[in-house]
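Data block for model_35.cif (mmCIF, C-alpha atoms and all ligand atoms):
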```
data_run
#
loop_
_atom_site.label_atom_id
_atom_site.label_comp_id
_atom_site.auth_asym_id
_atom_site.auth_seq_id
_atom_site.Cartn_x
_atom_site.Cartn_y
_atom_site.Cartn_z
CA MET A 1 7.22 -1.84 -19.04
CA THR A 2 6.51 -4.35 -16.27
CA SER A 3 3.06 -4.64 -14.76
CA THR A 4 2.47 -3.98 -11.07
CA THR A 5 1.03 -6.58 -8.78
CA PRO A 6 -1.46 -5.90 -6.00
CA PRO A 7 -0.13 -5.53 -2.45
CA ALA A 8 0.57 -8.91 -0.83
CA ALA A 9 -2.08 -8.29 1.82
CA THR A 10 -4.86 -7.96 -0.73
CA PRO A 11 -7.07 -10.95 -1.39
CA LYS A 12 -7.82 -13.20 -4.37
CA ARG A 13 -11.18 -11.49 -4.80
CA VAL A 14 -11.55 -7.88 -3.65
CA ARG A 15 -14.61 -7.38 -1.49
CA VAL A 16 -15.97 -4.19 0.01
CA HIS A 17 -14.49 -4.81 3.48
CA HIS A 18 -11.02 -5.17 1.95
CA LEU A 19 -11.16 -1.53 0.86
CA ARG A 20 -11.80 -0.38 4.41
CA GLU A 21 -9.00 -2.61 5.65
CA ALA A 22 -6.69 -1.13 3.02
CA LYS A 23 -7.51 2.35 4.38
CA GLU A 24 -6.73 1.18 7.91
CA ARG A 25 -3.36 -0.16 6.74
CA GLY A 26 -2.62 3.03 4.82
CA GLU A 27 -2.56 1.19 1.46
CA ARG A 28 -3.76 3.18 -1.54
CA ILE A 29 -6.71 1.78 -3.51
CA THR A 30 -6.59 1.78 -7.32
CA MET A 31 -9.73 2.16 -9.40
CA LEU A 32 -10.20 2.55 -13.16
CA THR A 33 -13.26 2.72 -15.31
CA ALA A 34 -13.91 -0.22 -17.64
CA TYR A 35 -16.68 -0.62 -20.16
CA ASP A 36 -15.88 -3.87 -22.00
CA ALA A 37 -14.41 -7.34 -21.42
CA LEU A 38 -11.07 -6.74 -23.17
CA THR A 39 -9.96 -3.77 -21.09
CA ALA A 40 -11.53 -5.18 -17.91
CA GLN A 41 -9.40 -8.31 -18.28
CA ILE A 42 -6.23 -6.23 -18.71
CA PHE A 43 -6.93 -3.90 -15.77
CA ASP A 44 -7.85 -6.91 -13.60
CA GLU A 45 -4.69 -8.79 -14.57
CA VAL A 46 -2.44 -5.89 -13.53
CA GLY A 47 -4.08 -5.77 -10.11
CA THR A 48 -6.46 -2.80 -10.29
CA ASP A 49 -8.54 -3.14 -7.12
CA VAL A 50 -11.86 -1.72 -8.35
CA LEU A 51 -13.29 -1.51 -11.87
CA LEU A 52 -15.99 1.10 -12.26
CA VAL A 53 -18.48 0.70 -15.06
CA GLY A 54 -18.94 4.44 -15.05
CA ASP A 55 -21.69 6.33 -16.79
CA SER A 56 -18.76 8.28 -18.28
CA LEU A 57 -19.13 5.71 -21.04
CA ALA A 58 -21.90 7.99 -22.30
CA ASN A 59 -19.11 10.44 -23.22
CA THR A 60 -16.17 8.19 -23.93
CA PHE A 61 -17.82 5.43 -25.94
CA TYR A 62 -21.20 6.75 -27.10
CA GLY A 63 -20.01 10.27 -27.87
CA HIS A 64 -22.74 12.05 -25.90
CA ARG A 65 -22.04 15.58 -24.67
CA ASP A 66 -22.82 14.60 -21.07
CA THR A 67 -23.75 11.48 -19.07
CA LEU A 68 -27.50 12.10 -19.03
CA PRO A 69 -28.62 10.07 -22.07
CA ILE A 70 -27.20 6.68 -21.01
CA THR A 71 -29.90 4.22 -19.92
CA LEU A 72 -30.06 1.55 -17.25
CA ASP A 73 -30.27 -1.13 -19.96
CA GLU A 74 -27.10 0.20 -21.60
CA MET A 75 -25.28 0.33 -18.26
CA ILE A 76 -26.30 -3.27 -17.49
CA HIS A 77 -25.10 -4.38 -20.92
CA HIS A 78 -21.60 -2.98 -20.30
CA ALA A 79 -21.46 -4.05 -16.65
CA ARG A 80 -22.20 -7.64 -17.73
CA ALA A 81 -19.21 -7.59 -20.09
CA VAL A 82 -16.92 -6.25 -17.35
CA ALA A 83 -18.17 -8.47 -14.52
CA GLY A 84 -17.86 -11.55 -16.71
CA ALA A 85 -14.21 -10.80 -17.48
CA VAL A 86 -12.65 -10.23 -14.06
CA HIS A 87 -11.26 -12.63 -11.48
CA ARG A 88 -10.03 -10.32 -8.72
CA ALA A 89 -11.33 -6.76 -9.00
CA LEU A 90 -14.45 -5.49 -7.30
CA VAL A 91 -16.88 -4.43 -10.04
CA VAL A 92 -18.94 -1.32 -9.26
CA ALA A 93 -21.57 -0.10 -11.72
CA ASP A 94 -23.03 3.40 -11.94
CA LEU A 95 -26.76 3.88 -11.72
CA PRO A 96 -27.50 6.31 -14.55
CA PHE A 97 -29.40 9.60 -14.40
CA GLY A 98 -33.13 9.01 -13.85
CA SER A 99 -32.82 5.48 -12.50
CA TYR A 100 -32.62 6.14 -8.74
CA GLU A 101 -33.12 9.76 -7.60
CA ALA A 102 -36.90 9.83 -7.13
CA SER A 103 -37.11 7.37 -4.23
CA PRO A 104 -35.28 4.67 -2.27
CA LEU A 105 -37.62 2.07 -3.79
CA ILE A 106 -36.78 3.12 -7.33
CA ALA A 107 -33.06 3.03 -6.46
CA HIS A 108 -33.58 -0.44 -5.01
CA ALA A 109 -35.37 -1.74 -8.10
CA SER A 110 -32.65 -0.38 -10.42
CA SER A 111 -29.88 -1.79 -8.24
CA VAL A 112 -31.49 -5.22 -8.06
CA ARG A 113 -31.70 -5.25 -11.85
CA MET A 114 -28.06 -4.18 -12.09
CA LEU A 115 -26.74 -6.86 -9.76
CA LYS A 116 -29.00 -9.67 -11.05
CA GLU A 117 -28.58 -8.98 -14.76
CA SER A 118 -24.93 -7.90 -14.92
CA GLY A 119 -23.13 -9.70 -12.11
CA ALA A 120 -21.64 -6.42 -10.83
CA HIS A 121 -20.85 -6.51 -7.12
CA ALA A 122 -21.95 -3.02 -6.09
CA VAL A 123 -23.59 0.15 -7.38
CA LYS A 124 -22.52 3.77 -7.27
CA PHE A 125 -24.70 6.81 -7.46
CA GLU A 126 -24.37 10.55 -7.00
CA GLY A 127 -25.51 12.76 -4.13
CA GLY A 128 -25.16 13.20 -0.39
CA ARG A 129 -27.84 13.71 2.24
CA ARG A 130 -30.57 13.71 -0.43
CA VAL A 131 -29.84 10.04 -1.23
CA ALA A 132 -28.89 8.85 2.26
CA GLU A 133 -32.21 7.02 2.68
CA HIS A 134 -31.65 5.32 -0.66
CA VAL A 135 -28.21 4.15 0.48
CA HIS A 136 -29.64 2.90 3.76
CA LEU A 137 -32.35 0.82 2.08
CA LEU A 138 -29.90 -0.71 -0.37
CA THR A 139 -27.17 -1.55 2.12
CA SER A 140 -29.69 -3.04 4.54
CA THR A 141 -30.99 -5.30 1.78
CA GLY A 142 -27.62 -6.65 0.67
CA ILE A 143 -26.57 -4.17 -2.01
CA PRO A 144 -23.21 -2.44 -1.44
CA VAL A 145 -23.20 1.25 -2.37
CA MET A 146 -20.35 3.57 -3.29
CA GLY A 147 -21.17 7.27 -2.94
CA HIS A 148 -20.10 10.11 -5.25
CA LEU A 149 -19.69 13.71 -4.04
CA GLY A 150 -18.13 16.94 -5.26
CA PHE A 151 -18.65 17.50 -8.96
CA THR A 152 -21.47 15.12 -9.83
CA PRO A 153 -21.77 15.00 -13.63
CA GLN A 154 -25.46 14.00 -13.65
CA SER A 155 -26.22 17.39 -11.99
CA GLU A 156 -24.06 19.36 -14.41
CA ASN A 157 -27.01 21.49 -15.49
CA VAL A 158 -27.72 22.57 -11.92
CA LEU A 159 -24.06 23.00 -10.99
CA GLY A 160 -23.48 25.29 -13.98
CA GLY A 161 -20.95 23.10 -15.79
CA LYS A 162 -17.85 21.14 -14.85
CA ARG A 163 -16.67 23.14 -11.85
CA VAL A 164 -14.63 22.47 -8.73
CA GLN A 165 -17.02 21.96 -5.79
CA GLY A 166 -16.67 22.63 -2.07
CA ARG A 167 -14.87 25.98 -2.31
CA GLY A 168 -15.50 28.22 0.72
CA GLU A 169 -16.27 27.16 4.30
CA GLU A 170 -20.04 26.78 3.83
CA ALA A 171 -19.67 24.51 0.81
CA ALA A 172 -16.90 22.56 2.54
CA GLU A 173 -19.10 22.03 5.61
CA ALA A 174 -21.94 20.84 3.38
CA LEU A 175 -19.68 18.37 1.63
CA CYS A 176 -18.41 16.99 4.97
CA ALA A 177 -22.03 16.61 6.17
CA ASP A 178 -22.91 14.77 2.94
CA ALA A 179 -19.94 12.43 3.33
CA LEU A 180 -20.81 11.62 6.95
CA ALA A 181 -24.45 11.02 6.00
CA LEU A 182 -23.42 8.55 3.28
CA GLN A 183 -21.11 6.73 5.67
CA GLU A 184 -23.83 6.62 8.34
CA ALA A 185 -26.26 5.22 5.76
CA GLY A 186 -23.84 2.39 4.98
CA ALA A 187 -21.82 3.46 1.91
CA PHE A 188 -18.60 1.42 1.74
CA ALA A 189 -16.55 4.12 -0.06
CA ILE A 190 -17.04 7.60 -1.49
CA VAL A 191 -15.74 9.08 -4.74
CA LEU A 192 -14.69 12.73 -4.42
CA GLU A 193 -14.62 14.42 -7.81
CA MET A 194 -13.08 17.85 -8.45
CA VAL A 195 -12.79 19.15 -4.91
CA PRO A 196 -9.87 21.15 -3.49
CA ALA A 197 -7.11 18.88 -2.16
CA PRO A 198 -7.27 20.24 1.44
CA LEU A 199 -11.01 19.54 1.59
CA ALA A 200 -10.52 16.01 0.21
CA ALA A 201 -7.88 15.49 2.92
CA ARG A 202 -10.34 16.69 5.58
CA VAL A 203 -13.12 14.38 4.35
CA THR A 204 -10.66 11.47 4.18
CA GLU A 205 -9.63 12.21 7.77
CA ILE A 206 -13.16 12.32 9.22
CA LEU A 207 -14.38 9.16 7.47
CA ALA A 208 -13.74 5.56 8.45
CA VAL A 209 -14.65 4.41 4.93
CA PRO A 210 -12.23 5.10 2.09
CA THR A 211 -12.36 8.09 -0.23
CA ILE A 212 -11.47 7.62 -3.89
CA GLY A 213 -10.36 10.83 -5.55
CA ILE A 214 -10.55 12.13 -9.09
CA GLY A 215 -9.30 15.68 -9.37
CA ALA A 216 -9.24 15.73 -5.56
CA GLY A 217 -5.52 15.76 -4.83
CA PRO A 218 -3.15 13.22 -3.29
CA HIS A 219 -4.65 12.70 0.18
CA CYS A 220 -7.58 10.42 -0.71
CA ASP A 221 -7.40 6.74 0.20
CA GLY A 222 -7.48 5.80 -3.48
CA GLN A 223 -7.59 7.28 -6.95
CA VAL A 224 -9.81 6.70 -9.98
CA LEU A 225 -9.34 7.77 -13.58
CA VAL A 226 -11.49 7.35 -16.66
CA TRP A 227 -9.41 4.81 -18.58
CA PRO A 228 -9.25 6.52 -22.00
CA ASP A 229 -7.87 9.59 -20.14
CA MET A 230 -5.37 7.41 -18.26
CA ALA A 231 -4.18 5.67 -21.42
CA GLY A 232 -4.20 8.68 -23.76
CA LEU A 233 -6.89 7.38 -26.11
CA GLY A 234 -8.83 10.61 -26.52
CA ASP A 235 -7.60 13.78 -28.17
CA TRP A 236 -8.21 15.67 -24.92
CA SER A 237 -8.18 14.89 -21.22
CA PRO A 238 -8.90 16.98 -18.13
CA ARG A 239 -6.06 18.73 -16.28
CA PHE A 240 -6.31 16.37 -13.32
CA ALA A 241 -5.93 13.24 -15.46
CA LYS A 242 -2.37 12.10 -16.07
CA ARG A 243 -1.85 10.28 -19.39
CA TYR A 244 0.11 7.08 -18.74
CA GLY A 245 0.09 5.96 -22.37
CA GLN A 246 -0.29 7.21 -25.93
CA LEU A 247 -3.01 4.87 -27.21
CA ARG A 248 -4.35 7.42 -29.66
CA THR A 249 -0.96 7.71 -31.37
CA ALA A 250 -0.49 3.93 -31.30
CA LEU A 251 -3.92 3.38 -32.95
CA ILE A 252 -3.33 6.11 -35.53
CA ASP A 253 0.00 4.47 -36.45
CA ALA A 254 -1.50 0.96 -36.57
CA ALA A 255 -4.60 1.89 -38.63
CA SER A 256 -2.55 4.04 -41.03
CA ALA A 257 -0.02 1.22 -41.59
CA TYR A 258 -2.90 -1.22 -42.18
CA ASN A 259 -4.55 1.11 -44.71
CA ASP A 260 -1.23 1.60 -46.53
CA GLU A 261 -0.47 -2.13 -46.69
CA VAL A 262 -3.96 -3.07 -47.91
CA ARG A 263 -3.80 -0.38 -50.60
CA SER A 264 -0.31 -1.42 -51.71
CA GLY A 265 -1.17 -5.13 -51.70
CA GLU A 266 1.50 -5.91 -49.11
CA PHE A 267 -1.14 -7.32 -46.73
CA PRO A 268 -2.07 -10.14 -46.66
CA GLY A 269 1.31 -11.66 -47.58
CA PRO A 270 2.03 -15.40 -47.78
CA GLU A 271 2.37 -15.73 -43.98
CA HIS A 272 -1.19 -14.50 -43.53
CA SER A 273 -2.70 -16.55 -46.36
CA PHE A 274 -3.72 -20.20 -46.69
CA ALA A 275 -1.80 -21.95 -49.46
CA GLU A 276 -4.57 -24.51 -49.84
O1 LIG B 1 -18.64 7.68 -14.57
C1 LIG B 1 -17.48 7.72 -14.16
O2 LIG B 1 -16.51 7.38 -14.84
C2 LIG B 1 -17.27 8.22 -12.80
C3 LIG B 1 -15.88 8.55 -12.41
C4 LIG B 1 -15.53 9.88 -12.94
C5 LIG B 1 -15.68 8.47 -10.94
O3 LIG B 1 -18.18 8.37 -12.06
#
```
In C-alpha cells, how does this file's structure come out?
Amino acid sequence: MTSTTPPAATPKRVRVHHLREAKERGERITMLTAYDALTAQIFDEVGTDVLLVGDSLANTFYGHRDTLPITLDEMIHHARAVAGAVHRALVVADLPFGSYEASPLIAHASSVRMLKESGAHAVKFEGGRRVAEHVHLLTSTGIPVMGHLGFTPQSENVLGGKRVQGRGEEAAEALCADALALQEAGAFAIVLEMVPAPLAARVTEILAVPTIGIGAGPHCDGQVLVWPDMAGLGDWSPRFAKRYGQLRTALIDAASAYNDEVRSGEFPGPEHSFAE
C-alpha cells in the first residue's frame, strides 16, 4: 500500500490559516488523533494535516469508561510526545474536563500550560455559546482554539449517553448559533461530532472557518477519526468509523508467534544472538 502525500498547495508546516485556505480552495482537511511519538511520526509522514491529542485517550489508552477522569497533566504529557515528533502537522491538544469550563481565565491558564509545557500549537475544547468568551480571551492572547460541537463526550452525563445531536429544527438552530458564536469569538475550526449529515452541511455552508466531521457525514471541510478506530486496533469501533487496517489481528498474530517461538526455543536463533 502506498502512502498519500499532502496536496501540493499545502505548506511545509501546517498553520491555522492554511486550514481556512484549504476550505476556500475546496480541499479536504485530514485529522487523526495521536497520543504518542511513534504514531504521531507515522501520521505526520503520510501527510495528515492535523494531529489531535484527544482526550479520547482516556478511553483508548487508559481504559476509562468515559473521558472525564483524564487530567491536564496527563494531557500535557501525551501532547509533548506528539508535538516533539512531528515536522508538518498542526498539533491540537484537548483541554480535559474540569480544566476550562468555569471561566475564561481558568481556560486561559490551562491553555498557557498546555502550549508552554507540551509544544502543541492549539487547544480544543467543547461547547458553543457558553464558552464563546473563553475562546475570545484565548484567541486575543495568541492561543488558537478549535471548537467542538454536537455530541460532546465531556457532557455525556447531561446528554444522556452517546447520542446524535441536533435532531429537529430547534436543536439544529441552536447548533448553528453555537457554531457562529465560536467563529465570531475567533475559533479557527470546529469539530462536529455525531450530527445529522444535512445539518453538518448547513453549518459548513454558513461558516467561513472549516468544519471537521466525525460521524457528521461527507459534507464537512475535513474529517477526523480516533486512530485505533481508523486502524482497527480495538475490538469494537463506532458505526461512523471506517476501519482502514486490521492492527488488532496483526498484533494478535505477532504476539502469538513470539510466544510460540520463545516457548519452543526457536527465538532467539543464531541471527539474533551474539557469538562472542
Ligand atoms: O478526543 C477526541 O478524540 C476527540 C475527537 C473525537 C474529535 O475529541
Please provide the set of residues having any atom within 8 Å of Val135 of chain A, restricted to only C-alpha atoms, with same-chain residues fewer than 5 positions apart removed, written as number ranges by chain. A: 104, 145, 182, 185-187
Which is closer to ligand LIG 1 (chain B) than all the others in A:His78, A:His148, A:Arg202, A:Arg88, using only C-alpha atoms and all ligand atoms?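 Closest residue, counting only C-alpha atoms and all ligand atoms: A:His148.
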Pick from A:Met194, A:Val224, A:Ala250, A:Ala22, whichever lies nearest to ligand LIG 1 (chain B) using all atoms listed in the file: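 With all atoms listed in the file as the atom set, the closest residue is A:Val224.
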Report the closest atom pair, with its distance in Å rounded to one decimal, for each residue of segment 156-260 of chain A that has an atom no farther than 7 Å from segment 33-44 of chain A; count all atoms listed in the file, sort by chain and then rising residue number, and write it as CSV.
```
residue,atom,partner,partner_atom,distance
A:Leu225,CA,A:Thr33,CA,6.6
A:Val226,CA,A:Thr33,CA,5.1
A:Trp227,CA,A:Thr33,CA,5.5
```
Would you pick out the contacts of Ala107 of chain A at 12 Å or less, using all atoms listed in the file, so that residues sharing its chain but fewer than 2 positions from it are not included, and give the list as number ranges by chain? A: 72, 94-105, 109-114, 123-126, 131-139, 141, 143, 145
Considering all atoms listed in the file, state which residue in the set A:Asp55, A:Asp49, A:Glu205, A:Glu193 is at the smallest distance from Leu90 of chain A. A:Asp49
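Atom CA of His17 of chain A is positioned 29.1 Å from atom CA of Tyr244 of chain A.
Closest to ligand LIG 1 (chain B) among A:Pro238, A:Pro196, A:Gly142, A:Gly47 is A:Pro238, based on only C-alpha atoms and all ligand atoms.
If you measure from each of A:Leu19, A:Phe61, A:Leu159, A:Arg167 to Leu233 of chain A using only C-alpha atoms, the closest one turns out to be A:Phe61.
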Identify, on the basis of all atoms listed in the file, every residue whose closest approach to Pro69 of chain A does not exceed 12 Å; exclude the query and any residue fewer than 3 positions from it along the same chain; express the result as a ChimeraX atom specification. /A:55-59,62-66,72-75,96-99,153-154
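Counting from atom CA of Ala216 of chain A, the distance to atom CA of His121 of chain A is 25.1 Å.
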Mind working out the centre and edge lengths of an axis-aligned box for ligand LIG 1 (chain B), all listed atoms inside, 8 Å added to each side, rounded to one decimal in Å and written as AutoDock Vina command-line options?
```
--center_x -17.1 --center_y 8.6 --center_z -12.9 --size_x 19.1 --size_y 18.5 --size_z 19.9
```
Please determine, counting all atoms listed in the file, which residue among A:Arg130, A:Gly54, A:Gly166, A:Ile106 has the shortest atom-to-atom distance to Thr67 of chain A.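 Answer, going by the shortest atom-to-atom distance: A:Gly54.
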